[in-house]
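A.B. asks: The structure file query_16.txt (compact mmCIF, C-alpha atoms and all ligand atoms) is provided below.
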# COMPACT_ATOMS: atom_id res chain seq x y z
CA MET A 24 99.51 70.29 97.46
CA ARG A 25 101.82 72.24 99.72
CA HIS A 26 105.38 71.09 100.15
CA PRO A 27 105.76 70.50 103.89
CA ASP A 28 108.92 72.65 104.04
CA VAL A 29 107.29 75.78 102.64
CA PRO A 30 106.40 78.57 105.06
CA GLU A 31 103.13 80.21 104.10
CA SER A 32 102.97 83.89 103.35
CA LEU A 33 100.28 86.48 102.90
CA GLU A 34 100.47 88.62 99.76
CA SER A 35 98.96 91.99 99.00
CA TRP A 36 100.18 94.84 96.77
CA TRP A 37 101.87 94.09 93.48
CA ILE A 38 104.93 96.32 93.39
CA LEU A 39 106.93 97.77 90.51
CA HIS A 40 110.06 99.80 91.22
CA ARG A 41 111.25 101.83 88.26
CA MET A 42 114.54 103.69 88.20
CA PHE A 43 115.28 106.35 85.66
CA ALA A 44 118.14 108.64 84.81
CA PHE A 45 116.73 112.14 84.39
CA ASP A 46 118.34 114.13 81.59
CA ARG A 47 118.55 117.49 83.33
CA ARG A 48 120.58 119.07 80.53
CA ALA A 49 117.95 118.27 77.91
CA TRP A 50 115.17 119.32 80.33
CA GLY A 51 116.97 122.62 80.90
CA ARG A 52 116.81 123.36 77.17
CA VAL A 53 113.02 123.09 77.20
CA GLY A 54 111.25 126.44 77.54
CA ALA A 55 109.76 127.35 80.91
CA GLU A 56 106.21 127.20 79.59
CA ALA A 57 106.63 123.75 78.06
CA ARG A 58 108.34 122.54 81.22
CA GLY A 59 105.36 123.69 83.24
CA ARG A 60 102.91 121.98 80.90
CA ILE A 61 104.87 118.69 80.76
CA GLY A 62 105.37 118.69 84.52
CA ARG A 63 101.68 119.35 85.20
CA ALA A 64 100.64 116.58 82.82
CA ALA A 65 102.94 114.14 84.62
CA ALA A 66 101.68 115.25 88.03
CA ALA A 67 98.07 114.78 86.87
CA VAL A 68 98.69 111.19 85.75
CA LEU A 69 100.65 110.29 88.90
CA GLY A 70 98.03 112.08 91.01
CA ARG A 71 95.28 109.95 89.50
CA LEU A 72 97.26 106.83 90.42
CA LYS A 73 97.76 108.09 93.98
CA ALA A 74 94.09 108.97 94.38
CA ARG A 75 92.98 105.43 93.57
CA GLU A 76 92.10 103.09 96.36
CA ASP A 77 93.62 100.18 94.39
CA ALA A 78 96.94 101.83 93.57
CA ASP A 79 99.65 104.08 94.94
CA VAL A 80 102.93 105.55 93.76
CA GLY A 81 105.95 106.80 95.66
CA LEU A 82 108.44 109.29 94.21
CA ALA A 83 112.05 109.53 95.27
CA GLN A 84 115.12 111.46 94.20
CA MET A 85 117.97 108.96 94.20
CA LEU A 86 121.66 109.58 94.78
CA GLY A 87 124.42 108.45 92.44
CA HIS A 88 124.62 107.14 88.89
CA LYS A 89 122.26 104.19 89.34
CA ALA A 90 119.14 106.33 89.23
CA GLY A 91 117.98 109.91 89.49
CA LEU A 92 114.28 109.19 89.95
CA MET A 93 112.61 106.14 91.42
CA LEU A 94 108.90 105.46 91.10
CA THR A 95 107.49 102.82 93.42
CA HIS A 96 104.16 101.65 92.04
CA TYR A 97 101.65 99.66 94.09
CA ALA A 98 98.62 98.02 92.46
CA LYS A 99 96.07 95.49 93.65
CA THR A 100 96.56 93.45 90.50
CA PHE A 101 99.43 92.59 88.17
CA ASP A 102 97.43 94.23 85.37
CA GLY A 103 97.23 97.38 87.46
CA LEU A 104 101.03 97.58 87.41
CA VAL A 105 101.03 97.16 83.64
CA ALA A 106 98.57 100.05 83.36
CA ALA A 107 100.73 102.23 85.65
CA GLN A 108 103.84 101.48 83.61
CA THR A 109 102.08 102.34 80.36
CA ALA A 110 100.64 105.56 81.77
CA VAL A 111 104.11 106.75 82.75
CA ASP A 112 105.68 105.69 79.44
CA ARG A 113 103.10 107.71 77.53
CA LEU A 114 103.99 110.93 79.34
CA GLU A 115 105.82 113.59 77.40
CA LEU A 116 108.15 113.68 80.41
CA ALA A 117 109.30 110.16 79.46
CA GLU A 118 111.37 111.79 76.67
CA TYR A 119 113.73 112.96 79.41
CA LEU A 120 113.67 109.78 81.50
CA ARG A 121 116.03 106.92 80.63
CA PRO A 122 115.09 103.58 82.23
CA LYS A 123 118.06 102.31 84.28
CA ALA A 124 116.55 99.48 86.29
CA SER A 125 113.27 98.03 87.46
CA TYR A 126 111.99 95.42 89.86
CA VAL A 127 108.75 93.42 90.01
CA SER A 128 107.57 91.87 93.28
CA ILE A 129 104.58 91.42 95.56
CA LEU A 130 104.30 92.55 99.15
CA GLU A 131 104.69 89.56 101.43
CA LEU A 132 104.30 88.82 105.12
CA GLY A 133 106.25 85.70 106.00
CA LEU A 134 104.44 83.27 108.31
CA TYR A 135 107.06 80.87 109.63
CA GLU A 136 105.62 80.79 113.14
CA ALA A 137 101.98 80.84 112.10
CA THR A 138 102.47 78.04 109.56
CA ALA A 139 103.99 75.80 112.22
CA LYS A 140 101.10 76.61 114.58
CA ILE A 141 98.54 75.83 111.89
CA HIS A 142 100.21 72.49 111.20
CA ALA A 143 100.09 71.68 114.94
CA VAL A 144 96.41 72.62 115.24
CA LEU A 145 95.49 70.47 112.26
CA SER A 146 97.39 67.48 113.55
CA GLU A 147 95.68 67.89 116.97
CA ARG A 148 92.37 67.76 115.12
CA GLY A 149 93.52 64.43 113.70
CA LEU A 150 93.26 65.52 110.08
CA LYS A 151 95.29 63.62 107.52
CA PRO A 152 97.91 65.98 106.10
CA HIS A 153 96.96 67.34 102.67
CA SER A 154 93.57 65.60 102.61
CA PRO A 155 90.75 67.83 101.28
CA GLU A 156 89.57 68.46 104.90
CA TRP A 157 93.10 69.36 105.98
CA ASN A 158 93.48 71.74 103.02
CA ALA A 159 90.14 73.43 103.73
CA ALA A 160 90.96 73.88 107.42
CA PHE A 161 94.39 75.17 106.49
CA ASP A 162 92.94 77.78 104.14
CA GLU A 163 90.48 78.85 106.82
CA LEU A 164 93.21 79.35 109.44
CA LEU A 165 95.34 81.22 106.91
CA ARG A 166 92.42 83.55 106.17
CA GLU A 167 92.19 84.23 109.89
CA GLN A 168 95.85 85.24 109.83
CA ALA A 169 95.18 87.73 107.03
CA GLU A 170 92.31 89.23 109.02
CA GLN A 171 94.31 89.79 112.20
CA PRO A 172 94.50 93.56 112.64
CA ARG A 173 98.31 93.53 112.87
CA ASN A 174 98.62 91.69 109.54
CA ALA A 175 95.70 93.36 107.76
CA GLY A 176 97.09 96.82 108.52
CA ARG A 177 100.52 95.96 107.18
CA LEU A 178 99.29 94.11 104.11
CA TRP A 179 97.46 97.03 102.61
CA ALA A 180 99.53 99.91 103.96
CA ARG A 181 100.33 102.51 101.30
CA VAL A 182 103.88 103.55 100.37
CA PRO A 183 105.36 104.61 103.74
CA GLN A 184 105.78 108.37 104.00
CA ARG A 185 109.21 108.76 105.55
CA ARG A 186 111.91 111.03 104.24
CA TYR A 187 114.50 108.46 103.12
CA VAL A 188 114.18 105.25 101.16
CA CYS A 189 116.62 102.41 100.57
CA PHE A 190 115.87 99.58 98.14
CA TYR A 191 117.75 96.41 97.29
CA PRO A 192 116.99 92.92 96.07
CA MET A 193 118.26 89.83 97.88
CA ASP A 194 118.41 86.05 97.83
CA LYS A 195 118.85 83.36 100.40
CA LYS A 196 121.85 81.23 99.36
CA ARG A 197 121.40 77.95 97.52
CA GLY A 198 125.06 76.86 97.37
CA GLU A 199 126.45 73.34 97.63
CA LEU A 200 127.60 73.89 101.21
CA VAL A 201 125.39 76.72 102.39
CA ASN A 202 121.80 76.25 101.33
CA TRP A 203 118.91 77.98 103.11
CA TYR A 204 116.33 75.90 101.30
CA ALA A 205 117.84 72.62 102.46
CA LEU A 206 117.61 73.57 106.16
CA PRO A 207 114.90 71.89 108.23
CA TYR A 208 111.78 74.02 108.70
CA GLU A 209 112.34 74.48 112.45
CA GLU A 210 115.83 75.79 111.88
CA ARG A 211 114.70 78.37 109.33
CA ALA A 212 111.82 79.38 111.62
CA LYS A 213 114.27 79.95 114.47
CA LEU A 214 116.61 81.98 112.30
CA MET A 215 113.72 84.14 111.12
CA LEU A 216 112.61 84.62 114.71
CA ASP A 217 116.10 85.88 115.59
CA HIS A 218 116.04 88.07 112.48
CA GLY A 219 112.74 89.58 113.59
CA LYS A 220 114.21 90.31 117.05
CA ILE A 221 117.03 92.39 115.60
CA GLY A 222 114.57 94.04 113.26
CA ARG A 223 112.23 94.95 116.09
CA SER A 224 115.06 96.64 118.00
CA PHE A 225 114.78 99.24 115.20
CA HIS A 226 111.02 99.48 115.60
CA GLY A 227 109.84 103.04 115.12
CA LEU A 228 113.08 104.07 113.44
CA VAL A 229 112.49 102.19 110.23
CA THR A 230 109.55 100.87 108.23
CA GLN A 231 110.41 97.78 106.21
CA VAL A 232 108.44 96.50 103.24
CA ILE A 233 109.42 92.98 102.20
CA SER A 234 108.20 91.86 98.82
CA GLY A 235 108.62 88.41 97.31
CA SER A 236 109.91 88.10 93.76
CA ALA A 237 110.74 84.43 93.21
CA GLY A 238 109.45 83.69 89.71
CA LEU A 239 108.84 87.39 89.09
CA ASP A 240 112.25 89.00 88.87
CA ASP A 241 115.96 88.21 89.16
CA TRP A 242 116.19 87.91 92.95
CA GLU A 243 113.96 86.30 95.56
CA TRP A 244 112.97 89.40 97.56
CA GLY A 245 112.90 93.12 97.29
CA VAL A 246 113.64 95.02 100.50
CA ASP A 247 112.39 98.58 100.95
CA LEU A 248 113.45 100.43 104.05
CA TYR A 249 112.01 103.82 104.95
CA ALA A 250 113.41 106.05 107.70
CA ASP A 251 113.53 109.67 108.82
CA ASP A 252 117.33 109.46 109.14
CA ALA A 253 119.34 107.84 106.31
CA LEU A 254 122.00 106.71 108.78
CA THR A 255 119.45 104.22 110.14
CA PHE A 256 119.85 102.18 106.92
CA LYS A 257 123.56 101.67 107.53
CA LYS A 258 123.11 100.88 111.21
CA LEU A 259 120.32 98.37 110.59
CA VAL A 260 121.76 96.62 107.55
CA TYR A 261 125.22 96.40 109.16
CA GLU A 262 123.88 95.01 112.41
CA MET A 263 121.88 92.41 110.51
CA ARG A 264 125.03 91.21 108.76
CA PHE A 265 126.03 89.67 112.11
CA ASP A 266 122.74 87.83 112.47
CA GLU A 267 122.91 84.29 111.12
CA ALA A 268 120.02 84.63 108.65
CA SER A 269 122.00 87.38 106.91
CA ALA A 270 125.59 86.49 107.90
CA ARG A 271 125.40 82.99 106.51
CA TYR A 272 122.46 82.88 104.14
CA ALA A 273 121.86 86.26 102.53
CA ALA A 274 123.15 87.44 99.16
CA PHE A 275 122.48 90.98 98.04
CA GLY A 276 121.93 92.84 94.79
CA PRO A 277 122.59 96.52 94.14
CA PHE A 278 121.46 99.04 96.76
CA VAL A 279 119.93 102.40 95.90
CA THR A 280 119.14 105.19 98.33
CA GLY A 281 117.38 108.48 98.03
CA LEU A 282 114.86 110.87 99.44
CA GLN A 283 111.14 110.74 98.96
CA PHE A 284 109.20 113.78 97.85
CA SER A 285 105.56 114.68 97.50
CA LEU A 286 103.80 114.83 94.19
CA ASP A 287 103.24 118.56 94.64
CA GLU A 288 107.04 118.89 94.68
CA LEU A 289 107.46 117.30 91.25
CA ALA A 290 108.25 120.66 89.61
CA THR A 291 110.87 121.34 92.30
CA TYR A 292 112.49 118.00 91.51
CA LEU A 293 112.33 118.55 87.75
CA ASN A 294 113.65 122.08 87.78
CA GLY A 295 116.35 121.26 90.30
CA ASP A 296 116.36 124.65 92.02
CA HIS A 297 115.89 123.15 95.47
CA VAL A 298 115.81 119.78 97.13
CA PRO A 299 112.19 118.59 96.91
CA ALA A 300 110.38 118.01 100.19
CA LEU A 301 108.10 115.34 101.58
CA ASN A 302 105.06 117.23 102.77
CA ALA A 303 103.44 114.76 105.11
CA ALA A 304 99.96 116.25 104.91
CA ALA A 305 99.93 116.61 101.13
CA SER A 306 101.13 113.10 100.42
CA ALA A 307 99.24 111.10 103.02
O1 LIG B 401 107.30 90.98 109.64
C1 LIG B 401 107.61 90.95 110.85
O2 LIG B 401 107.75 91.96 111.57
C2 LIG B 401 107.86 89.62 111.44
C3 LIG B 401 109.27 89.33 111.51
C4 LIG B 401 109.99 89.49 110.16
C5 LIG B 401 109.94 88.63 109.06
C6 LIG B 401 109.10 87.37 108.86
C7 LIG B 401 110.90 90.55 109.84
C8 LIG B 401 111.18 91.62 110.67
N1 LIG B 401 111.43 90.29 108.60
C9 LIG B 401 110.86 89.15 108.09
C10 LIG B 401 111.11 88.55 106.85
MN1 LIG B 401 112.94 91.33 107.72
N2 LIG B 401 114.41 92.37 106.82
C11 LIG B 401 115.17 91.94 105.76
C12 LIG B 401 116.26 92.84 105.58
O3 LIG B 401 119.85 93.51 105.05
C13 LIG B 401 119.65 92.34 105.48
O4 LIG B 401 120.51 91.70 106.14
C14 LIG B 401 118.36 91.68 105.13
C15 LIG B 401 117.35 92.66 104.56
C16 LIG B 401 116.14 93.84 106.54
C17 LIG B 401 117.04 95.03 106.74
C18 LIG B 401 114.97 93.53 107.32
C19 LIG B 401 114.49 94.29 108.38
N3 LIG B 401 112.99 89.96 106.18
C20 LIG B 401 112.12 88.93 105.99
C21 LIG B 401 112.44 88.25 104.76
C22 LIG B 401 111.72 87.04 104.17
C23 LIG B 401 112.61 85.85 104.46
C24 LIG B 401 111.96 84.50 104.32
O5 LIG B 401 110.73 84.39 104.31
O6 LIG B 401 112.75 83.50 104.24
C25 LIG B 401 113.54 88.90 104.23
C26 LIG B 401 114.25 88.59 102.93
C27 LIG B 401 113.88 89.96 105.13
C28 LIG B 401 114.95 90.81 104.97
N4 LIG B 401 112.89 92.65 109.28
C29 LIG B 401 112.01 92.67 110.35
C30 LIG B 401 113.51 93.90 109.27
C31 LIG B 401 113.01 94.69 110.35
C32 LIG B 401 113.46 96.12 110.67
C33 LIG B 401 112.07 93.94 111.02
C34 LIG B 401 111.24 94.34 112.22
C35 LIG B 401 110.05 95.13 111.74
C36 LIG B 401 109.29 95.77 112.88
O7 LIG B 401 108.84 95.03 113.76
O8 LIG B 401 109.18 97.01 112.86
Kindly return the structure encoded in the file as structure tokens.
Ligand code: 76R
C.D. replies:
Amino acid sequence: MRHPDVPESLESWWILHRMFAFDRRAWGRVGAEARGRIGRAAAAVLGRLKAREDADVGLAQMLGHKAGLMLTHYAKTFDGLVAAQTAVDRLELAEYLRPKASYVSILELGLYEATAKIHAVLSERGLKPHSPEWNAAFDELLREQAEQPRNAGRLWARVPQRRYVCFYPMDKKRGELVNWYALPYEERAKLMLDHGKIGRSFHGLVTQVISGSAGLDDWEWGVDLYADDALTFKKLVYEMRFDEASARYAAFGPFVTGLQFSLDELATYLNGDHVPALNAAASA
């Protein structure tokens, strides 16, 4: 039975972020031929993941000590993520990659407004809340939500191909005085509506991927932002700090930022001679 205060959500890709330190000094001591072989083997394995219809993987060169390389795995099942993790760990390249952090979550579209509408429709139909008929009708209306082109397109979108990526986990506060989860549904729905308005003022400049991680990892959500200009991250995240949903209720984990690159640029990244590029056509 659904708790009446819970907003529904639609879920799609399972997501695993993995952050590694790359030991460039040790890599530099490997002969050119072996480097080529190890790099090609890694690219083949990652390429097979990217070619699958039920998986994807994004590569990014990160700035700072928190990570040098970030892999963002998508899979249609939890088991698919396990397989992706194992495939990467088995690579000879893994000898030079030191795990620094990781994050498990599942892509989520929040449905505050739609949930309220569904509740209203069901009560108009005179159904008794949480009766079998009510539950069946609820599931049907929720399925319709998932099939709406706007939602369907976003649910199964692949890793966005924009030059810069920013990732951080976050919670909504559950303190004694400030507690998101104790707010009435309507109030949370209104705050999320306002949040969406600020977000949409950045429409086109940024692609956000919200993934839920309650029960999966240490925070409640993972936030991925993708943009063609890294300054957009600062502008957006700062502006949101003044919006009540963030100003009062958000708590944040560590942020990482970096630049995405195409799989065919893996050798460029590994050898470090140039900054690897995101070749839109090659990585689509
Ligand atoms: O998905 C939608 O477009 C509908 C409106 C919307 C929801 C439901 C939306 C829009 N977000 C939603 C949910 Mn968001 N978002 C964040 C952060 O840094 C911060 O202060 C917070 C981190 C950013 C930067 C951001 C950006 N959003 C959520 C949720 C789930 C909360 C829940 O269910 O309680 C979180 C944790 C969250 C956090 N949001 C947008 C954006 C942007 C840019 C948009 C507009 C997207 C667009 O229309 O292009």
A.B. asks: List all protein, DNA and RNA residues that have at least one atom no more than 7 Å from any atom of ligand LIG 401 (chain B), counting all atoms listed in the file, and write them as a list in words.
C.D. replies: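 These are the residues that qualify: Leu132, Gly133, Leu134, Tyr135, Met193, Met215, Leu216, His218, Gly219, Lys220, Ile221, Gly222, Arg223, Phe225, His226, Gly227, Val229, Thr230, Gln231, Ile233, Trp244, Val246, Leu259, Val260, Met263, Arg264, Ser269 and Ala273 of chain A.
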A.B. asks: When you look at segment 278-290 of chain A with a cut-off of 6 Å (counting only C-alpha atoms), what residues show up, excluding the ones that are within fewer than 5 positions of it in the same chain? I need them as a list of chain:residue names.
C.D. replies: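 With the cut-off at 6 Å, the set is A:Leu82, A:Ala83, A:Gln84, A:Met85, A:Leu86, A:Arg186, A:Tyr187, A:Val188, A:Cys189, A:Phe190, A:Tyr191, A:Pro299, A:Ala300, A:Leu301, A:Asn302, A:Ser306.
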A.B. asks: Work out how far atom CA of Val144 of chain A is from atom CA of Leu164 of chain A, in Å to one decimal.
C.D. replies: 9.4 Å
A.B. asks: Calculate how many Å separate atom CA of Phe161 of chain A from atom CA of Glu243 of chain A, rounding to one decimal.
C.D. replies: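 Spanning atom CA of Phe161 of chain A to atom CA of Glu243 of chain A is a straight-line distance of 25.0 Å.
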A.B. asks: Which value, in Å to one decimal, gives the distance between atom CA of Ala159 of chain A and atom CA of Pro172 of chain A?
C.D. replies: 22.4 Å
A.B. asks: Pick out the closest residue to Arg148 of chain A from this set: A:Leu69, A:Ala160, A:Ala107, A:Ala270. Count only C-alpha atoms.
C.D. replies: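 For Arg148 of chain A, the nearest of the candidates is A:Ala160.
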A.B. asks: Please list as a list in words every residue within 8 Å of Arg181 of chain A, counting only C-alpha atoms and excluding residues in the same chain fewer than 2 positions away.
C.D. replies: Asp79, Tyr97, Trp179 and Pro183 of chain A
A.B. asks: Smallest atom-to-atom distance to Thr95 of chain A: which of A:Leu39, A:Val68, A:Ala274, A:Leu254, using only C-alpha atoms?
C.D. replies: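 That would be A:Leu39, the residue with the smallest distance to Thr95 of chain A.
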A.B. asks: Have a look at A:Trp37, A:Glu167, A:Arg63, A:Glu199 and name the one nearest to Val105 of chain A; count only C-alpha atoms.
C.D. replies: A:Trp37
A.B. asks: For a quick check of understanding, using all atoms listed in the file, which of A:Ala55, A:Ala180, A:Ala268, A:Leu228 has the smallest distance to Tyr204 of chain A?
C.D. replies: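 Comparing A:Ala55, A:Ala180, A:Ala268, A:Leu228 against Tyr204 of chain A, the winner is A:Ala268.
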A.B. asks: Measuring atom to atom with only C-alpha atoms, identify which of A:Pro27, A:Gly81, A:Gly70, A:Gly276 is nearest to Asp194 of chain A.
C.D. replies: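 Nearest candidate to Asp194 of chain A out of A:Pro27, A:Gly81, A:Gly70, A:Gly276: A:Gly276.
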A.B. asks: Applying 9 Å and all atoms listed in the file, which residues near Arg47 of chain A remain after dropping the ones on its own chain fewer than 5 positions away? List them as a list in words.
C.D. replies: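 Here the answer would be Arg52, Tyr119, Leu293, Asn294 and Gly295 of chain A.
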A.B. asks: Is it possible to add all heavy atoms to segment 84-94 of chain A and hand it back as a CSV table (one decimal), in the frame of the given file?
C.D. replies:
chain,number,residue,atom,x,y,z
A,84,GLN,N,113.9,111.0,94.9
A,84,GLN,CA,115.1,111.5,94.2
A,84,GLN,C,116.3,110.6,94.7
A,84,GLN,O,116.6,110.6,95.9
A,84,GLN,CB,115.4,112.9,94.5
A,84,GLN,CG,116.7,113.4,94.0
A,84,GLN,CD,116.8,114.9,93.8
A,84,GLN,OE1,115.9,115.7,94.3
A,84,GLN,NE2,117.8,115.4,93.0
A,85,MET,N,116.9,109.9,93.8
A,85,MET,CA,118.0,109.0,94.2
A,85,MET,C,119.3,109.6,94.1
A,85,MET,O,119.6,110.5,93.2
A,85,MET,CB,117.9,107.7,93.4
A,85,MET,CG,116.5,107.1,93.3
A,85,MET,SD,115.7,106.8,95.0
A,85,MET,CE,116.6,105.3,95.5
A,86,LEU,N,120.3,109.1,94.8
A,86,LEU,CA,121.7,109.6,94.8
A,86,LEU,C,122.5,108.7,93.9
A,86,LEU,O,122.4,107.4,94.0
A,86,LEU,CB,122.3,109.6,96.2
A,86,LEU,CG,122.2,110.9,97.0
A,86,LEU,CD1,122.9,110.7,98.3
A,86,LEU,CD2,122.7,112.1,96.2
A,87,GLY,N,123.4,109.2,93.2
A,87,GLY,CA,124.4,108.4,92.4
A,87,GLY,C,124.0,108.1,91.0
A,87,GLY,O,122.9,108.5,90.6
A,88,HIS,N,124.8,107.4,90.3
A,88,HIS,CA,124.6,107.1,88.9
A,88,HIS,C,123.6,106.1,88.6
A,88,HIS,O,123.1,106.0,87.5
A,88,HIS,CB,125.9,106.7,88.3
A,88,HIS,CG,126.3,105.3,88.6
A,88,HIS,ND1,126.7,104.9,89.9
A,88,HIS,CD2,126.2,104.1,87.9
A,88,HIS,CE1,126.9,103.6,89.9
A,88,HIS,NE2,126.6,103.1,88.7
A,89,LYS,N,123.2,105.3,89.6
A,89,LYS,CA,122.3,104.2,89.3
A,89,LYS,C,120.9,104.6,89.0
A,89,LYS,O,120.2,104.0,88.2
A,89,LYS,CB,122.2,103.2,90.5
A,89,LYS,CG,123.5,102.4,90.6
A,89,LYS,CD,123.4,101.4,91.8
A,89,LYS,CE,124.5,101.6,92.7
A,89,LYS,NZ,124.3,100.9,94.0
A,90,ALA,N,120.5,105.8,89.6
A,90,ALA,CA,119.1,106.3,89.2
A,90,ALA,C,119.0,107.8,89.7
A,90,ALA,O,119.7,108.1,90.7
A,90,ALA,CB,118.0,105.5,89.9
A,91,GLY,N,118.3,108.6,89.0
A,91,GLY,CA,118.0,109.9,89.5
A,91,GLY,C,116.6,110.0,90.1
A,91,GLY,O,116.3,110.7,91.0
A,92,LEU,N,115.7,109.2,89.5
A,92,LEU,CA,114.3,109.2,90.0
A,92,LEU,C,113.8,107.7,90.1
A,92,LEU,O,114.1,106.9,89.2
A,92,LEU,CB,113.4,109.9,88.9
A,92,LEU,CG,111.9,109.8,89.1
A,92,LEU,CD1,111.5,110.7,90.3
A,92,LEU,CD2,111.1,110.3,87.9
A,93,MET,N,113.2,107.5,91.2
A,93,MET,CA,112.6,106.1,91.4
A,93,MET,C,111.1,106.3,91.6
A,93,MET,O,110.7,107.1,92.5
A,93,MET,CB,113.2,105.4,92.6
A,93,MET,CG,112.6,104.0,92.8
A,93,MET,SD,113.6,103.0,94.0
A,93,MET,CE,113.0,103.6,95.6
A,94,LEU,N,110.4,105.5,90.9
A,94,LEU,CA,108.9,105.5,91.1
A,94,LEU,C,108.6,104.1,91.7
A,94,LEU,O,109.1,103.1,91.2
A,94,LEU,CB,108.1,105.6,89.8
A,94,LEU,CG,108.3,106.9,89.0
A,94,LEU,CD1,107.5,106.9,87.7
A,94,LEU,CD2,107.8,108.1,89.9
